[in-house]
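Visitor: Structure: model_28.txt, compact mmCIF, C-alpha atoms.
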# COMPACT_ATOMS: atom_id res chain seq x y z
CA MET V 1 3.44 22.84 49.56
CA ASN V 2 2.16 20.64 46.78
CA GLY V 3 0.35 22.26 43.89
CA PRO V 4 -2.71 21.08 41.99
CA GLU V 5 -2.80 17.46 40.86
CA ILE V 6 -3.98 16.77 37.34
CA HIS V 7 -4.29 13.57 35.34
CA ILE V 8 -2.62 13.58 31.95
CA ARG V 9 -2.77 11.22 28.98
CA PHE V 10 -0.47 11.31 25.94
CA ALA V 11 -1.28 10.01 22.48
CA PRO V 12 0.66 6.84 21.60
CA ALA V 13 2.53 8.76 18.89
CA LEU V 14 4.10 10.91 21.61
CA GLY V 15 5.41 7.92 23.56
CA LEU V 16 8.89 8.51 22.13
CA PHE V 17 9.20 11.72 24.12
CA VAL V 18 7.66 10.96 27.52
CA PRO V 19 9.02 8.77 30.33
CA ALA V 20 8.00 5.10 30.11
CA ALA V 21 5.71 5.41 33.12
CA ARG V 22 3.53 7.92 31.24
CA ARG V 23 3.12 5.95 28.00
CA ALA V 24 0.20 3.78 29.10
CA GLY V 25 -2.96 5.72 29.76
CA ARG V 26 -3.78 8.42 32.27
CA THR V 27 -1.20 9.24 34.97
CA PRO V 28 -1.25 11.72 37.88
CA LEU V 29 0.97 14.81 37.85
CA THR V 30 1.46 17.47 40.49
CA THR V 31 1.94 20.95 39.02
CA ASP V 32 3.10 24.20 40.60
CA GLY V 33 -0.23 25.95 40.04
CA ALA V 34 1.35 28.70 37.91
CA SER V 35 2.91 27.04 34.86
CA THR V 36 0.95 26.87 31.63
CA LEU V 37 -0.13 23.57 30.16
CA GLY V 38 2.30 24.13 27.31
CA HIS V 39 5.16 24.43 29.78
CA VAL V 40 3.99 21.33 31.65
CA VAL V 41 3.88 19.28 28.45
CA GLU V 42 7.34 20.44 27.40
CA SER V 43 8.74 19.75 30.87
CA LEU V 44 7.73 16.12 30.35
CA GLY V 45 9.80 15.98 27.17
CA VAL V 46 7.31 16.72 24.37
CA PRO V 47 8.12 19.65 22.03
CA LEU V 48 4.98 21.65 21.29
CA THR V 49 5.74 21.25 17.58
CA GLU V 50 4.58 17.64 18.00
CA VAL V 51 1.38 18.45 19.89
CA GLY V 52 -1.96 18.69 18.14
CA ALA V 53 -5.05 19.31 20.26
CA LEU V 54 -4.87 19.89 24.00
CA LEU V 55 -8.08 18.82 25.74
CA VAL V 56 -9.17 19.50 29.30
CA GLY V 57 -12.27 17.59 30.30
CA GLY V 58 -12.79 16.83 26.63
CA HIS V 59 -12.75 20.50 25.60
CA PRO V 60 -9.93 22.15 23.61
CA VAL V 61 -7.66 24.64 25.36
CA THR V 62 -4.58 26.57 24.28
CA PRO V 63 -1.04 25.94 25.57
CA ALA V 64 -1.50 29.10 27.69
CA HIS V 65 -4.10 27.34 29.88
CA VAL V 66 -3.02 26.98 33.52
CA PRO V 67 -4.12 23.57 34.84
CA ALA V 68 -6.33 23.48 37.92
CA ASP V 69 -6.63 20.75 40.52
CA GLY V 70 -8.42 17.63 39.34
CA GLU V 71 -8.39 18.44 35.63
CA GLU V 72 -8.26 15.61 33.10
CA VAL V 73 -5.81 16.50 30.34
CA GLU V 74 -5.40 14.75 26.99
CA VAL V 75 -2.43 15.55 24.75
CA ARG V 76 -2.95 14.54 21.15
CA GLY V 77 -0.44 14.28 18.35
CA VAL V 78 -0.36 16.45 15.25
CA GLU V 79 -2.99 15.59 12.65
CA ARG V 80 -1.65 14.57 9.26
CA PRO V 81 -1.41 16.14 6.80
CA GLN V 82 -0.46 19.11 8.93
CA ARG V 83 -1.51 22.47 7.55
CA VAL V 84 0.98 25.27 8.15
CA PRO V 85 -0.43 28.82 8.04
CA GLY V 86 0.82 31.04 5.27
CA ALA V 87 2.28 30.19 1.89
CA PRO V 88 4.33 28.89 0.28
CA LEU V 89 5.36 25.88 2.35
CA ARG V 90 9.13 26.02 2.89
CA PHE V 91 11.56 24.14 5.11
CA LEU V 92 14.80 24.74 6.97
CA LEU V 93 16.98 21.76 7.95
CA ASP V 94 19.79 21.65 10.47
CA VAL V 95 23.34 20.41 9.93
CA HIS V 96 22.46 16.75 10.59
CA LEU V 97 19.86 16.43 7.81
CA GLY V 98 21.84 17.04 4.63
CA THR V 99 20.66 13.91 2.82
CA LEU V 100 17.02 14.71 3.58
CA ALA V 101 17.54 18.27 2.31
CA ARG V 102 18.96 17.03 -0.99
CA ARG V 103 16.10 14.57 -1.47
CA LEU V 104 13.47 17.22 -0.78
CA ARG V 105 15.16 19.49 -3.32
CA LEU V 106 15.25 16.62 -5.82
CA LEU V 107 11.46 16.54 -5.51
CA GLY V 108 11.19 20.28 -6.04
CA VAL V 109 10.50 21.14 -2.39
CA ASP V 110 11.99 24.41 -1.10
CA ALA V 111 14.45 23.17 1.54
CA ALA V 112 17.11 25.50 2.95
CA TYR V 113 19.95 23.68 4.68
CA GLU V 114 22.78 24.78 6.94
CA SER V 115 25.88 22.65 6.26
CA GLU V 116 27.62 24.12 9.32
CA ASP V 117 26.45 24.27 12.91
CA ILE V 118 25.42 27.92 13.23
CA GLY V 119 23.70 27.36 16.60
CA ASP V 120 20.11 26.98 17.71
CA ALA V 121 19.48 30.69 18.13
CA ALA V 122 20.54 31.50 14.56
CA LEU V 123 18.48 28.63 13.13
CA ALA V 124 15.39 29.70 15.07
CA ALA V 125 15.86 33.29 13.91
CA GLN V 126 16.19 32.15 10.28
CA SER V 127 13.03 30.06 10.60
CA ALA V 128 11.14 33.11 11.83
CA ARG V 129 12.68 35.54 9.35
CA GLU V 130 12.08 33.37 6.29
CA ARG V 131 8.88 31.72 7.57
CA ARG V 132 10.27 28.21 7.19
CA VAL V 133 9.30 25.03 9.02
CA MET V 134 12.34 23.93 11.04
CA LEU V 135 13.08 20.21 10.60
CA SER V 136 15.35 18.73 13.24
CA ARG V 137 16.02 15.83 15.59
CA ASP V 138 17.16 18.32 18.24
CA ARG V 139 14.34 18.61 20.79
CA GLY V 140 15.95 21.62 22.42
CA LEU V 141 15.96 23.52 19.13
CA LEU V 142 12.30 22.69 18.56
CA ARG V 143 11.41 24.14 21.97
CA ARG V 144 12.77 27.59 21.09
CA ARG V 145 10.04 30.22 21.16
CA GLU V 146 11.47 32.14 18.19
CA LEU V 147 10.67 29.35 15.74
CA TRP V 148 8.01 30.16 13.16
CA ALA V 149 7.10 26.48 12.95
CA GLY V 150 8.91 23.19 13.44
CA ALA V 151 8.75 19.42 13.26
CA TYR V 152 10.71 16.59 14.79
CA VAL V 153 12.27 14.15 12.30
CA TYR V 154 11.59 10.76 13.83
CA SER V 155 14.03 8.46 12.04
CA HIS V 156 17.78 8.26 11.46
CA ARG V 157 17.25 6.70 8.00
CA PRO V 158 16.93 9.11 5.05
CA ASP V 159 14.28 6.95 3.31
CA ASP V 160 12.06 7.03 6.40
CA GLN V 161 12.80 10.70 7.03
CA LEU V 162 11.61 11.63 3.55
CA ARG V 163 8.40 9.61 3.86
CA ASP V 164 7.73 11.16 7.27
CA VAL V 165 8.03 14.74 5.99
CA LEU V 166 6.02 14.08 2.81
CA GLU V 167 3.25 12.34 4.76
CA ARG V 168 3.13 14.97 7.50
CA PHE V 169 3.13 18.12 5.34
CA ALA V 170 2.03 16.93 1.87
CA PRO V 171 4.15 19.50 0.03
CA ARG V 172 3.63 19.99 -3.69
CA LEU V 173 6.14 17.84 -5.58
CA ALA V 174 7.78 19.09 -8.77
CA PRO V 175 10.80 16.83 -9.37
CA TRP V 176 13.93 17.99 -11.21
CA THR V 177 13.15 21.69 -10.73
CA ARG V 178 15.57 22.55 -7.91
CA CYS V 179 19.32 22.45 -7.48
CA THR V 180 20.18 19.74 -4.96
CA ALA V 181 23.35 21.64 -4.06
CA CYS V 182 21.99 25.11 -3.25
CA ASN V 183 18.16 24.93 -3.48
CA GLY V 184 18.06 27.33 -6.44
CA GLU V 185 15.63 26.87 -9.32
CA LEU V 186 16.67 24.98 -12.45
CA THR V 187 16.15 26.09 -16.01
CA GLN V 188 16.71 24.20 -19.25
CA ALA V 189 20.04 24.92 -20.92
CA HIS V 190 21.30 24.33 -24.46
CA LYS V 191 24.50 22.32 -24.71
CA ASP V 192 26.32 25.27 -26.29
CA GLU V 193 25.46 27.40 -23.26
CA VAL V 194 27.08 25.00 -20.79
CA ARG V 195 29.75 23.40 -22.96
CA GLU V 196 32.60 25.06 -21.06
CA HIS V 197 31.44 23.31 -17.87
CA LEU V 198 31.39 19.81 -19.42
CA GLU V 199 34.07 17.21 -19.86
CA GLN V 200 34.51 15.87 -23.40
CA GLY V 201 32.88 12.53 -22.57
CA THR V 202 29.80 14.28 -21.22
CA GLN V 203 29.62 16.52 -24.29
CA ARG V 204 29.61 13.49 -26.57
CA THR V 205 27.14 11.41 -24.54
CA TYR V 206 24.42 13.81 -23.37
CA ASP V 207 22.27 16.42 -25.07
CA VAL V 208 19.73 17.49 -22.41
CA PHE V 209 20.94 19.82 -19.65
CA ALA V 210 19.64 22.06 -16.90
CA ARG V 211 21.41 24.83 -15.04
CA CYS V 212 20.83 26.35 -11.63
CA THR V 213 19.79 29.99 -11.85
CA ALA V 214 21.42 30.67 -8.47
CA CYS V 215 24.79 28.89 -8.41
CA GLY V 216 25.24 27.97 -12.07
CA ARG V 217 25.66 24.25 -11.50
CA VAL V 218 24.90 22.13 -14.58
CA TYR V 219 22.82 18.95 -14.47
CA TRP V 220 22.34 16.04 -16.90
CA ARG V 221 21.08 12.47 -16.69
CA GLY V 222 24.35 10.87 -15.68
CA ALA V 223 25.40 7.68 -13.92
CA HIS V 224 23.35 8.37 -10.79
CA HIS V 225 20.12 9.19 -12.60
CA ALA V 226 18.58 5.72 -12.20
CA ARG V 227 18.98 5.83 -8.41
CA LEU V 228 17.52 9.33 -8.23
CA GLU V 229 14.69 8.39 -10.56
CA THR V 230 13.72 5.60 -8.16
CA ILE V 231 13.45 8.09 -5.31
CA VAL V 232 11.34 10.40 -7.47
CA GLN V 233 9.00 7.71 -8.77
CA ASN V 234 8.44 6.25 -5.29
CA ALA V 235 7.52 9.70 -3.97
CA LEU V 236 5.18 10.44 -6.87
CA ARG V 237 3.50 7.07 -6.51
CA ASP V 238 2.87 7.45 -2.79
CA PHE V 239 2.38 11.20 -2.41
CA GLY V 240 1.50 12.61 -5.84
CA GLY V 241 3.00 15.50 -7.72
CA ASP V 242 3.93 16.69 -11.18
CA ALA V 243 5.63 13.77 -12.95
CA ALA V 244 6.46 15.94 -15.96
CA ALA V 245 8.25 18.62 -13.96
Any chance you could give the structure as structure tokens?

Guide:
Amino acid sequence: MNGPEIHIRFAPALGLFVPAARRAGRTPLTTDGASTLGHVVESLGVPLTEVGALLVGGHPVTPAHVPADGEEVEVRGVERPQRVPGAPLRFLLDVHLGTLARRLRLLGVDAAYESEDIGDAALAAQSARERRVMLSRDRGLLRRRELWAGAYVYSHRPDDQLRDVLERFAPRLAPWTRCTACNGELTQAHKDEVREHLEQGTQRTYDVFARCTACGRVYWRGAHHARLETIVQNALRDFGGDAAA
């Protein structure tokens, strides 16, 4: 026996997730009469992390709403900037997003990163335990109920990935304050304090240093600084932040 038939429309921004036949306007869908609207949306390929308002007949409903016959459903995308409940804003990135993690840390954004594949269940549990927004291109991971919060990373290119996250969440930027290796906080260090970690050429050439309070790694404005400075200045220009950090 067929269940209720609804008509559903997805925002253009969600076209990446839904079948091609559902990308252009309102389309009919037969449901089982018991599944929630959230389940229906996810069954069509859209993680709820990417869904903003759900409207039935023009009125907002929750994902727990069970669609009835003849209902007109509109699925909107997430509004930007997206406000995440609680503070501070922190992220967790999966094994495939190492470059993005390092760039977020470069900008002073708290970004935990798993360099090994620890599995979806462990990542979701860490997101919930540490109250971190899970960033991933894995749609299955983003559908896990244990997640505290999550977001799909839409591009393969690190430049576009960084812009996407900064535009979507508008995190506070404080460049040069985090260790790009471990996410620890940096503190200024006198050359004498870190001399044993420096090669002779570095000792002769540089006088300003920082050290990670977590892993002890030492930083200075070396050969790669110009490239990193470009990333920082582009982010500050487009998304704001503390240029003196």

Visitor: Show which residues sit within 7 Å of region 91-108 of chain V, as a list in words. Count all atoms listed in the file, and ignore same-chain residues fewer than 6 positions away.

Guide: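 Neighbouring residues, sequence-local ones excluded: Glu114, Ser115, Glu116, Asp117, Ser127, Arg132, Val133, Met134, Leu135, Ser136, Pro158, Gln161, Leu162, Leu173, Ala174, Pro175, Trp176, Thr177, Arg178, Cys179, Thr180, Asn183 and Val232 of chain V.
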
Visitor: Between V:Arg22, V:Arg9, V:Arg83, V:His65, which is the closest to Glu167 (chain V) once you count all atoms listed in the file?

Guide: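 Once distances to Glu167 (chain V) are computed over all atoms listed in the file, the minimum belongs to V:Arg83.
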
Visitor: Rounded to one decimal place, report the CA of Ser155 (chain V)-CA of Asp110 (chain V) distance in Å.

Guide: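 CA of Asp110 (chain V) lies 20.8 Å from CA of Ser155 (chain V).
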
Visitor: Restricting the calculation to all atoms listed in the file, which member of V:Leu37, V:Gly25, V:Phe209, V:Val153 is positioned closest to Gly222 (chain V)?

Guide: V:Phe209

Visitor: Calculate how many Å separate CA of Val84 (chain V) from CA of Arg144 (chain V), rounding to one decimal.

Guide: 17.7 Å

Visitor: Measuring atom to atom with all atoms listed in the file, identify which of V:Leu14, V:Thr49, V:Leu54, V:Arg221 is nearest to Thr36 (chain V).

Guide: V:Leu54

Visitor: For each of V:Gly15, V:Gly86, V:Pro171, V:Pro4, take the minimum atom-to-atom distance to Glu72 (chain V), counting only C-alpha atoms, then give the residue where this is smallest.

Guide: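 Of all the options, V:Pro4 lies closest to Glu72 (chain V).
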
Visitor: With distances taken over all atoms listed in the file, which of V:Leu186, V:Ile231, V:Ala122, V:Ala226 is nearest to Arg163 (chain V)?

Guide: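 Closest to Arg163 (chain V), using all atoms listed in the file: V:Ile231.
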